[in-house]
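Content type compact mmCIF, C-alpha atoms and all ligand atoms, from the file coords_35.txt:
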```txt
# COMPACT_ATOMS: atom_id res chain seq x y z
CA MET A 1112 -69.68 -8.04 34.74
CA ASP A 1113 -70.67 -6.89 38.24
CA GLU A 1114 -70.51 -9.29 41.17
CA CYS A 1115 -73.58 -11.49 41.12
CA LEU A 1116 -75.13 -14.64 42.49
CA ILE A 1117 -76.97 -16.87 40.02
CA PHE A 1118 -79.94 -19.01 41.05
CA GLY A 1119 -79.92 -22.59 39.70
CA THR A 1120 -82.93 -24.68 38.75
CA GLY A 1121 -81.19 -28.01 38.15
CA ALA A 1122 -79.97 -30.33 40.84
CA SER A 1123 -81.62 -29.85 44.27
CA ALA A 1124 -84.04 -27.18 43.02
CA ALA A 1125 -87.83 -26.92 43.24
CA LYS A 1126 -89.46 -28.26 40.07
CA ASP A 1127 -93.15 -27.37 40.28
CA TYR A 1128 -94.73 -23.96 39.59
CA ASP A 1129 -95.58 -23.19 43.23
CA GLY A 1130 -92.23 -24.26 44.63
CA LEU A 1131 -90.29 -22.42 41.95
CA LYS A 1132 -92.50 -19.33 42.18
CA ARG A 1133 -91.85 -19.06 45.92
CA VAL A 1134 -88.06 -19.27 45.62
CA VAL A 1135 -87.78 -17.15 42.45
CA SER A 1136 -89.98 -14.50 44.04
CA CYS A 1137 -87.80 -14.54 47.16
CA ALA A 1138 -84.62 -14.46 45.02
CA ALA A 1139 -85.93 -11.54 42.94
CA THR A 1140 -86.87 -9.63 46.11
CA CYS A 1141 -83.32 -10.12 47.36
CA GLY A 1142 -81.93 -8.78 44.07
CA ILE A 1143 -81.09 -11.98 42.16
CA ARG A 1144 -81.64 -11.39 38.46
CA MET A 1145 -79.91 -14.32 36.80
CA PHE A 1146 -81.38 -17.81 36.55
CA ASP A 1147 -79.72 -20.95 35.23
CA THR A 1148 -81.65 -23.78 33.60
CA ALA A 1149 -81.36 -26.46 30.88
CA PRO A 1150 -83.80 -28.58 28.86
CA SER A 1151 -82.77 -31.62 30.94
CA TYR A 1152 -83.82 -29.85 34.18
CA GLY A 1153 -87.40 -30.03 32.93
CA VAL A 1154 -88.32 -26.54 34.13
CA GLU A 1155 -87.50 -24.13 31.27
CA GLU A 1156 -91.15 -23.43 30.58
CA ILE A 1157 -92.19 -23.17 34.25
CA LEU A 1158 -89.20 -20.96 35.05
CA ALA A 1159 -90.04 -18.55 32.23
CA LYS A 1160 -93.65 -18.34 33.37
CA VAL A 1161 -92.56 -17.82 36.97
CA ILE A 1162 -90.13 -15.05 35.94
CA PHE A 1163 -92.86 -13.41 33.88
CA ASP A 1164 -95.35 -13.57 36.77
CA VAL A 1165 -92.81 -12.41 39.36
CA SER A 1166 -91.69 -9.51 37.14
CA GLN A 1167 -95.33 -8.41 36.74
CA GLU A 1168 -95.88 -8.54 40.50
CA LYS A 1169 -92.68 -6.64 41.25
CA GLY A 1170 -92.92 -4.09 38.44
CA LEU A 1171 -89.84 -5.49 36.71
CA SER A 1172 -89.41 -6.22 33.01
CA ARG A 1173 -87.97 -9.05 30.94
CA GLU A 1174 -84.82 -6.98 30.41
CA ASP A 1175 -84.21 -6.95 34.16
CA PHE A 1176 -83.61 -10.72 34.11
CA ILE A 1177 -80.86 -12.86 32.65
CA ILE A 1178 -82.15 -16.24 31.57
CA GLN A 1179 -79.51 -18.85 30.87
CA THR A 1180 -80.26 -22.20 29.30
CA LYS A 1181 -78.25 -24.91 27.59
CA ILE A 1182 -77.86 -27.19 24.62
CA ASP A 1183 -77.99 -30.71 26.04
CA ALA A 1184 -75.87 -33.60 24.76
CA TRP A 1185 -78.69 -35.22 22.77
CA GLN A 1186 -79.37 -31.90 21.06
CA MET A 1187 -75.72 -31.64 20.01
CA VAL A 1188 -75.97 -35.10 18.49
CA GLU A 1189 -79.18 -34.21 16.66
CA GLY A 1190 -77.48 -31.04 15.46
CA ASN A 1191 -80.35 -28.67 14.71
CA VAL A 1192 -79.35 -25.86 17.05
CA GLU A 1193 -81.61 -23.27 15.42
CA LYS A 1194 -84.62 -25.55 15.91
CA PHE A 1195 -83.76 -25.99 19.60
CA VAL A 1196 -83.26 -22.27 20.10
CA ASP A 1197 -86.58 -21.51 18.38
CA CYS A 1198 -88.26 -24.18 20.47
CA ALA A 1199 -86.79 -22.73 23.71
CA LEU A 1200 -87.91 -19.23 22.69
CA GLN A 1201 -91.39 -20.47 21.93
CA LYS A 1202 -91.60 -22.61 25.08
CA MET A 1203 -90.42 -19.74 27.26
CA LYS A 1204 -92.34 -17.09 25.28
CA LEU A 1205 -89.16 -15.05 24.90
CA GLN A 1206 -87.82 -12.82 22.13
CA TYR A 1207 -84.24 -13.73 22.99
CA ILE A 1208 -82.21 -15.98 25.29
CA ASP A 1209 -79.59 -14.13 27.29
CA ASN A 1210 -77.06 -16.94 27.64
CA LEU A 1211 -76.90 -20.25 25.80
CA LEU A 1212 -74.32 -22.78 26.96
CA ILE A 1213 -73.18 -26.16 25.68
CA HIS A 1214 -73.93 -28.50 28.60
CA TRP A 1215 -71.21 -31.04 27.80
CA PRO A 1216 -68.39 -30.44 25.28
CA LEU A 1217 -68.91 -33.65 23.29
CA PRO A 1218 -65.76 -33.77 21.15
CA ASP A 1219 -67.38 -35.11 17.97
CA PHE A 1220 -70.10 -32.46 17.93
CA LEU A 1221 -68.44 -29.45 19.47
CA ASP A 1222 -67.27 -27.57 16.36
CA ASP A 1223 -70.58 -27.98 14.56
CA THR A 1224 -72.65 -26.96 17.60
CA TRP A 1225 -70.39 -24.02 18.36
CA ASN A 1226 -70.53 -22.68 14.79
CA LYS A 1227 -74.32 -22.87 14.87
CA MET A 1228 -74.44 -21.14 18.25
CA LYS A 1229 -72.29 -18.34 16.86
CA LEU A 1230 -74.91 -17.88 14.12
CA MET A 1231 -77.65 -17.74 16.79
CA LYS A 1232 -75.71 -14.99 18.56
CA LYS A 1233 -75.27 -13.11 15.29
CA SER A 1234 -79.00 -13.36 14.61
CA GLY A 1235 -79.82 -11.77 18.01
CA LYS A 1236 -81.79 -14.79 19.23
CA VAL A 1237 -79.05 -15.36 21.80
CA ARG A 1238 -76.94 -12.70 23.56
CA LYS A 1239 -73.98 -14.66 24.94
CA ILE A 1240 -72.69 -18.17 24.27
CA GLY A 1241 -70.59 -20.44 26.40
CA ILE A 1242 -69.59 -23.95 27.42
CA CYS A 1243 -69.97 -25.97 30.65
CA ASN A 1244 -67.88 -28.75 32.11
CA VAL A 1245 -64.54 -27.86 30.59
CA ARG A 1246 -61.06 -28.34 31.91
CA THR A 1247 -57.83 -26.70 30.83
CA ARG A 1248 -57.26 -29.33 28.16
CA HIS A 1249 -60.52 -28.23 26.53
CA LEU A 1250 -59.74 -24.53 26.95
CA ASN A 1251 -56.31 -24.94 25.34
CA LEU A 1252 -57.87 -26.72 22.39
CA PHE A 1253 -60.62 -24.09 22.06
CA ASP A 1254 -57.88 -21.52 21.90
CA LYS A 1255 -56.10 -23.34 19.08
CA ARG A 1256 -59.38 -23.77 17.17
CA GLY A 1257 -60.47 -20.15 17.62
CA VAL A 1258 -63.44 -21.10 19.85
CA SER A 1259 -63.84 -18.11 22.20
CA PRO A 1260 -66.71 -18.55 24.67
CA ASP A 1261 -68.25 -15.57 26.48
CA ILE A 1262 -68.95 -17.79 29.50
CA ILE A 1263 -67.50 -20.91 31.10
CA GLN A 1264 -69.50 -22.87 33.72
CA ILE A 1265 -67.67 -25.44 35.84
CA GLU A 1266 -68.11 -27.36 39.09
CA ARG A 1267 -66.15 -25.33 41.62
CA ASN A 1268 -65.97 -24.87 45.39
CA PRO A 1269 -63.25 -24.80 48.07
CA LEU A 1270 -62.73 -28.57 47.69
CA ARG A 1271 -62.18 -28.09 43.95
CA THR A 1272 -60.71 -24.70 43.19
CA CYS A 1273 -60.00 -25.09 39.42
CA GLU A 1274 -57.18 -22.56 39.58
CA ARG A 1275 -55.79 -23.29 36.12
CA GLU A 1276 -59.19 -22.99 34.44
CA ILE A 1277 -59.88 -19.74 36.28
CA GLU A 1278 -56.50 -18.24 35.46
CA PHE A 1279 -57.02 -19.12 31.78
CA CYS A 1280 -60.49 -17.52 31.68
CA LYS A 1281 -59.30 -14.37 33.44
CA GLN A 1282 -56.51 -13.94 30.91
CA LYS A 1283 -58.98 -14.30 28.06
CA GLY A 1284 -61.71 -12.15 29.63
CA ILE A 1285 -64.16 -15.08 29.83
CA GLU A 1286 -66.95 -14.87 32.47
CA ILE A 1287 -66.62 -17.73 34.96
CA GLN A 1288 -69.59 -19.37 36.67
CA ALA A 1289 -69.33 -22.01 39.41
CA TYR A 1290 -71.98 -24.67 39.79
CA SER A 1291 -72.28 -26.62 43.07
CA PRO A 1292 -70.56 -23.63 44.68
CA LEU A 1293 -71.25 -24.97 48.19
CA CYS A 1294 -70.57 -28.58 47.20
CA LYS A 1295 -74.09 -29.13 48.61
CA MET A 1296 -72.66 -28.07 51.98
CA ASP A 1297 -70.43 -31.13 52.19
CA ARG A 1298 -69.42 -31.87 55.81
CA ARG A 1299 -65.79 -31.14 54.95
CA LEU A 1300 -66.86 -27.55 54.30
CA ALA A 1301 -69.57 -27.25 56.96
CA ASP A 1302 -67.14 -28.53 59.63
CA SER A 1303 -63.99 -26.87 58.29
CA SER A 1304 -62.12 -25.11 61.11
CA VAL A 1305 -60.71 -22.65 58.55
CA ILE A 1306 -64.14 -21.58 57.32
CA LYS A 1307 -65.57 -21.59 60.87
CA LYS A 1308 -62.78 -19.22 61.92
CA PHE A 1309 -63.72 -16.79 59.12
CA SER A 1310 -67.40 -17.20 59.95
CA GLU A 1311 -66.61 -15.82 63.41
CA LYS A 1312 -64.19 -13.18 62.13
CA TYR A 1313 -66.62 -11.71 59.57
CA ASN A 1314 -69.78 -12.55 61.50
CA LYS A 1315 -71.27 -14.43 58.52
CA ASN A 1316 -72.38 -18.04 58.22
CA ILE A 1317 -70.40 -20.80 56.47
CA GLY A 1318 -72.39 -20.54 53.23
CA GLN A 1319 -71.96 -16.78 53.08
CA ILE A 1320 -68.19 -17.13 53.57
CA ILE A 1321 -67.94 -19.71 50.76
CA LEU A 1322 -70.08 -17.70 48.34
CA ARG A 1323 -68.07 -14.57 49.19
CA TRP A 1324 -64.86 -16.55 48.43
CA HIS A 1325 -66.26 -17.24 44.92
CA LEU A 1326 -66.99 -13.55 44.35
CA ASP A 1327 -63.60 -12.52 45.76
CA THR A 1328 -61.89 -14.86 43.30
CA GLY A 1329 -63.80 -13.35 40.35
CA VAL A 1330 -66.36 -16.15 39.95
CA SER A 1331 -70.19 -15.98 39.90
CA PRO A 1332 -71.63 -18.83 41.99
CA ILE A 1333 -74.78 -20.65 40.81
CA PHE A 1334 -76.34 -21.78 44.05
CA THR A 1335 -79.79 -23.13 44.71
CA SER A 1336 -82.02 -23.60 47.72
CA THR A 1337 -85.57 -24.62 48.44
CA LYS A 1338 -85.53 -22.42 51.56
CA ASP A 1339 -86.45 -18.73 51.50
CA TYR A 1340 -84.41 -17.97 54.62
CA ARG A 1341 -81.27 -19.42 53.02
CA ILE A 1342 -81.75 -17.40 49.83
CA ARG A 1343 -82.07 -14.24 51.95
CA GLU A 1344 -78.99 -15.14 54.00
CA TYR A 1345 -76.89 -15.96 50.94
CA MET A 1346 -77.70 -12.63 49.32
CA ASP A 1347 -76.55 -10.82 52.45
CA LEU A 1348 -72.88 -10.83 51.48
CA PHE A 1349 -72.31 -7.63 49.58
CA ASP A 1350 -71.30 -5.69 52.68
CA PHE A 1351 -67.93 -7.36 53.21
CA ALA A 1352 -64.98 -8.91 51.38
CA LEU A 1353 -62.44 -11.50 52.48
CA SER A 1354 -58.84 -10.40 52.86
CA GLU A 1355 -56.34 -11.79 50.34
CA ASP A 1356 -54.84 -14.07 53.01
CA ASP A 1357 -58.27 -15.40 53.97
CA VAL A 1358 -59.11 -16.09 50.31
CA ALA A 1359 -55.82 -17.99 50.03
CA ALA A 1360 -56.54 -20.00 53.21
CA ILE A 1361 -59.91 -21.12 51.79
CA SER A 1362 -58.34 -21.95 48.42
CA ALA A 1363 -55.82 -24.12 50.28
CA LEU A 1364 -58.70 -26.49 51.20
CA ASN A 1365 -58.57 -27.76 47.61
CA ILE A 1366 -58.37 -31.55 47.22
CA ASN A 1367 -59.63 -31.66 43.59
CA TYR A 1368 -62.78 -33.39 44.81
CA LYS A 1369 -65.57 -33.74 42.25
CA TYR A 1370 -69.14 -34.26 43.45
CA TYR A 1371 -70.62 -34.94 40.01
CA LEU A 1372 -69.10 -37.76 38.01
CA GLU A 1373 -66.78 -36.62 35.26
CA SER A 1374 -68.47 -37.39 31.98
CA CYS A 1375 -66.98 -40.28 30.08
CA LEU A 1376 -68.49 -38.69 26.97
CA CYS A 1377 -65.94 -35.88 26.74
CA PRO A 1378 -62.62 -37.14 28.01
CA GLY A 1379 -60.72 -34.52 26.04
CA PHE A 1380 -60.09 -34.28 22.35
N1 LIG B 1 -73.69 -27.32 34.05
C1 LIG B 1 -73.81 -28.40 34.77
O1 LIG B 1 -73.41 -29.51 34.36
C2 LIG B 1 -74.43 -28.31 36.16
C3 LIG B 1 -74.35 -29.42 37.01
C4 LIG B 1 -74.93 -29.30 38.29
C5 LIG B 1 -75.57 -28.13 38.68
N2 LIG B 1 -75.64 -27.07 37.80
C6 LIG B 1 -76.36 -25.82 38.19
O2 LIG B 1 -75.91 -25.38 39.46
C7 LIG B 1 -77.03 -25.27 40.35
C8 LIG B 1 -76.59 -25.52 41.75
O3 LIG B 1 -76.06 -26.82 41.90
P1 LIG B 1 -76.04 -27.57 43.29
O4 LIG B 1 -77.41 -27.86 43.77
O5 LIG B 1 -75.12 -28.74 43.14
O6 LIG B 1 -75.36 -26.43 44.23
P2 LIG B 1 -75.19 -26.06 45.74
O7 LIG B 1 -75.74 -24.68 45.91
O8 LIG B 1 -73.75 -26.31 46.09
O9 LIG B 1 -76.06 -27.08 46.59
C9 LIG B 1 -77.43 -26.86 46.85
C10 LIG B 1 -77.86 -27.80 47.94
O10 LIG B 1 -77.14 -27.48 49.14
C11 LIG B 1 -78.07 -27.36 50.21
N3 LIG B 1 -77.57 -26.37 51.16
C12 LIG B 1 -77.22 -25.09 50.93
N4 LIG B 1 -76.81 -24.49 52.08
C13 LIG B 1 -76.93 -25.42 53.06
C14 LIG B 1 -76.68 -25.41 54.44
N5 LIG B 1 -76.21 -24.32 55.07
N6 LIG B 1 -76.91 -26.54 55.15
C15 LIG B 1 -77.40 -27.66 54.53
N7 LIG B 1 -77.65 -27.73 53.20
C16 LIG B 1 -77.42 -26.62 52.47
C17 LIG B 1 -79.37 -26.93 49.58
O11 LIG B 1 -80.44 -27.39 50.39
P3 LIG B 1 -81.72 -26.48 50.75
O12 LIG B 1 -82.65 -26.60 49.58
O13 LIG B 1 -82.23 -27.14 51.99
O14 LIG B 1 -81.25 -25.08 50.98
C18 LIG B 1 -79.33 -27.70 48.25
O15 LIG B 1 -79.81 -29.03 48.44
C19 LIG B 1 -78.05 -26.25 39.80
O16 LIG B 1 -79.37 -25.96 40.25
C20 LIG B 1 -77.87 -26.04 38.32
O17 LIG B 1 -78.56 -24.85 37.91
C21 LIG B 1 -75.07 -27.14 36.57
```
Would you encode the structure as structure tokens?
Amino acid sequence: MDECLIFGTGASAAKDYDGLKRVVSCAATCGIRMFDTAPSYGVEEILAKVIFDVSQEKGLSREDFIIQTKIDAWQMVEGNVEKFVDCALQKMKLQYIDNLLIHWPLPDFLDDTWNKMKLMKKSGKVRKIGICNVRTRHLNLFDKRGVSPDIIQIERNPLRTCEREIEFCKQKGIEIQAYSPLCKMDRRLADSSVIKKFSEKYNKNIGQIILRWHLDTGVSPIFTSTKDYRIREYMDLFDFALSEDDVAAISALNINYKYYLESCLCPGF
């Protein structure tokens, strides 16, 4: 897959039609084509309508966009994946969902959900399937059980570099997406002398340097912003790349910090 930034509609994102329309329109103008959502974000329907309206205004088509949604934990427990996919398709007025991800790998429901998602992919209702919030212990077990996701989505930023997970995915050819790629611009990143030095060296702001670090390590960041100017700035990073040493210096900021609580529902199985 080509280098790309993904726009998130979960945490910290606009939730109403007007707010979402403004940022999606700005994102689409800047070239963002992939949007991340989930039933629990409460915006699947609005996002689909916004994407439809924006594509009409900009002369783009459905095929130009990648819409990614998820199977939430309660849906795994209920177990009727086909019903949820049909419901998402109907709600979003779509013929197919590009990417469908398991939001949390609940151990007791993973095999069943995964097998049903594979059927959804086979039927053409879904193009790619994947799993969020996994660690190497999960990936090793998936490997043993023959579970081979197209996509993995994990919390990842310079304070939490997830090197083992990324190495594993690269070896297996799995697409890697990072949520909270800026760690919500945590002060330890905003004030980092290492990142500030590269900001001066490359003449880019702190956020651009961090997002570029994701791309230069083979990861697609899922960022979000309620500000048009920030979306424009963050898309202005395809004209440079960090040197290998500079990538390594940013990776060395790792302290395995996790912003979102680790789920006690999937401690490993
Ligand atoms: N799979 C999962 O379990 C999971 C979990 C969490 C999130 N996600 C996905 O990932 C997406 C992004 O997550 P996130 O919101 O945690 O990511 P993030 O992009 O790291 O953080 C976004 C927040 O950082 C702020 N920000 C960005 N640049 C800034 C700057 N230079 N100075 C000050 N503040 C700045 C934004 O504020 P402004 O609005 O002011 O720009 C926004 O509040 C979500 O929307 C969702 O789609 C998935």
Which of these residues is nearest to Glu1168 (chain A), using all atoms listed in the file: A:Val1196, A:Cys1280, A:Ala1139, A:Leu1326? A:Ala1139
Taking only C-alpha atoms and all ligand atoms into account, report as a VMD selection string which residues have an atom no farther than 9 Å from an atom of ligand LIG 1 (chain B). chain A and resid 1117 to 1125 1146 to 1149 1152 1181 1212 to 1215 1242 to 1244 1264 to 1268 1289 to 1297 1301 1316 to 1319 1332 to 1342 1345 1370 to 1371
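For the choices A:Ile1157, A:Ile1262, A:Leu1230, A:Leu1353, the atom-to-atom distance to Val1245 (chain A) is smallest for A:Ile1262 when using all atoms listed in the file.
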Nearest residue to Leu1348 (chain A) out of A:Leu1116, A:Leu1205, A:Cys1273, A:Ile1366, using only C-alpha atoms? A:Leu1116
The distance between CA of Ile1321 (chain A) and CA of Lys1307 (chain A) is 10.6 Å
With all atoms listed in the file counted and 12 Å as the cut-off, give the residues of region 1125-1225 of chain A in contact with region 1253-1258 of chain A, each with its shortest interatomic distance in Å and the pair that gives it, as CSV.
```
residue,atom,partner,partner_atom,distance
A:Pro1216,CA,A:Phe1253,CA,10.5
A:Pro1218,CA,A:Phe1253,CA,11.0
A:Leu1221,CA,A:Val1258,CA,9.7
A:Asp1222,CA,A:Val1258,CA,8.3
A:Asp1223,CA,A:Val1258,CA,11.2
A:Thr1224,CA,A:Val1258,CA,11.1
A:Trp1225,CA,A:Val1258,CA,7.7
```
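Across the model, the gap from CA of His1325 (chain A) to CA of Asn1365 (chain A) is 13.3 Å.
With CA of Asn1367 (chain A) on one side and CA of Arg1275 (chain A) on the other, the separation reads 11.9 Å.
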From the list A:Val1305, A:Ala1359, A:Ile1208, A:Leu1364, which residue is nearest Glu1174 (chain A) when using all atoms listed in the file? A:Ile1208
Close residues, Glu1276 (chain A) itself excluded, 8 Å, only C-alpha atoms, min 2 positions apart in chain, as a ChimeraX atom specification: /A:1246-1247,1250,1273-1274,1278-1280
Write the selection just made, keeping C-alpha atoms, as an mmCIF file, in the coordinates of the input?
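Printed below is again-v3.cif as written:
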```
data_model
loop_
_atom_site.group_PDB
_atom_site.id
_atom_site.type_symbol
_atom_site.label_atom_id
_atom_site.label_comp_id
_atom_site.auth_asym_id
_atom_site.auth_seq_id
_atom_site.Cartn_x
_atom_site.Cartn_y
_atom_site.Cartn_z
ATOM 1 C CA ARG A 1246 -61.060 -28.340 31.910
ATOM 2 C CA THR A 1247 -57.830 -26.700 30.830
ATOM 3 C CA LEU A 1250 -59.740 -24.530 26.950
ATOM 4 C CA CYS A 1273 -60.000 -25.090 39.420
ATOM 5 C CA GLU A 1274 -57.180 -22.560 39.580
ATOM 6 C CA GLU A 1278 -56.500 -18.240 35.460
ATOM 7 C CA PHE A 1279 -57.020 -19.120 31.780
ATOM 8 C CA CYS A 1280 -60.490 -17.520 31.680
#
```
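Compared by their closest atoms to His1249 (chain A), and using all atoms listed in the file, the residues A:Glu1286, A:Leu1217, A:Cys1137, A:Lys1229 rank with A:Leu1217 nearest.
Comparing the minimum interatomic distances between Lys1202 (chain A) and each of A:Lys1160, A:Lys1315, A:Lys1369, A:Lys1132, counting all atoms listed in the file, we find that A:Lys1160 sits nearest.
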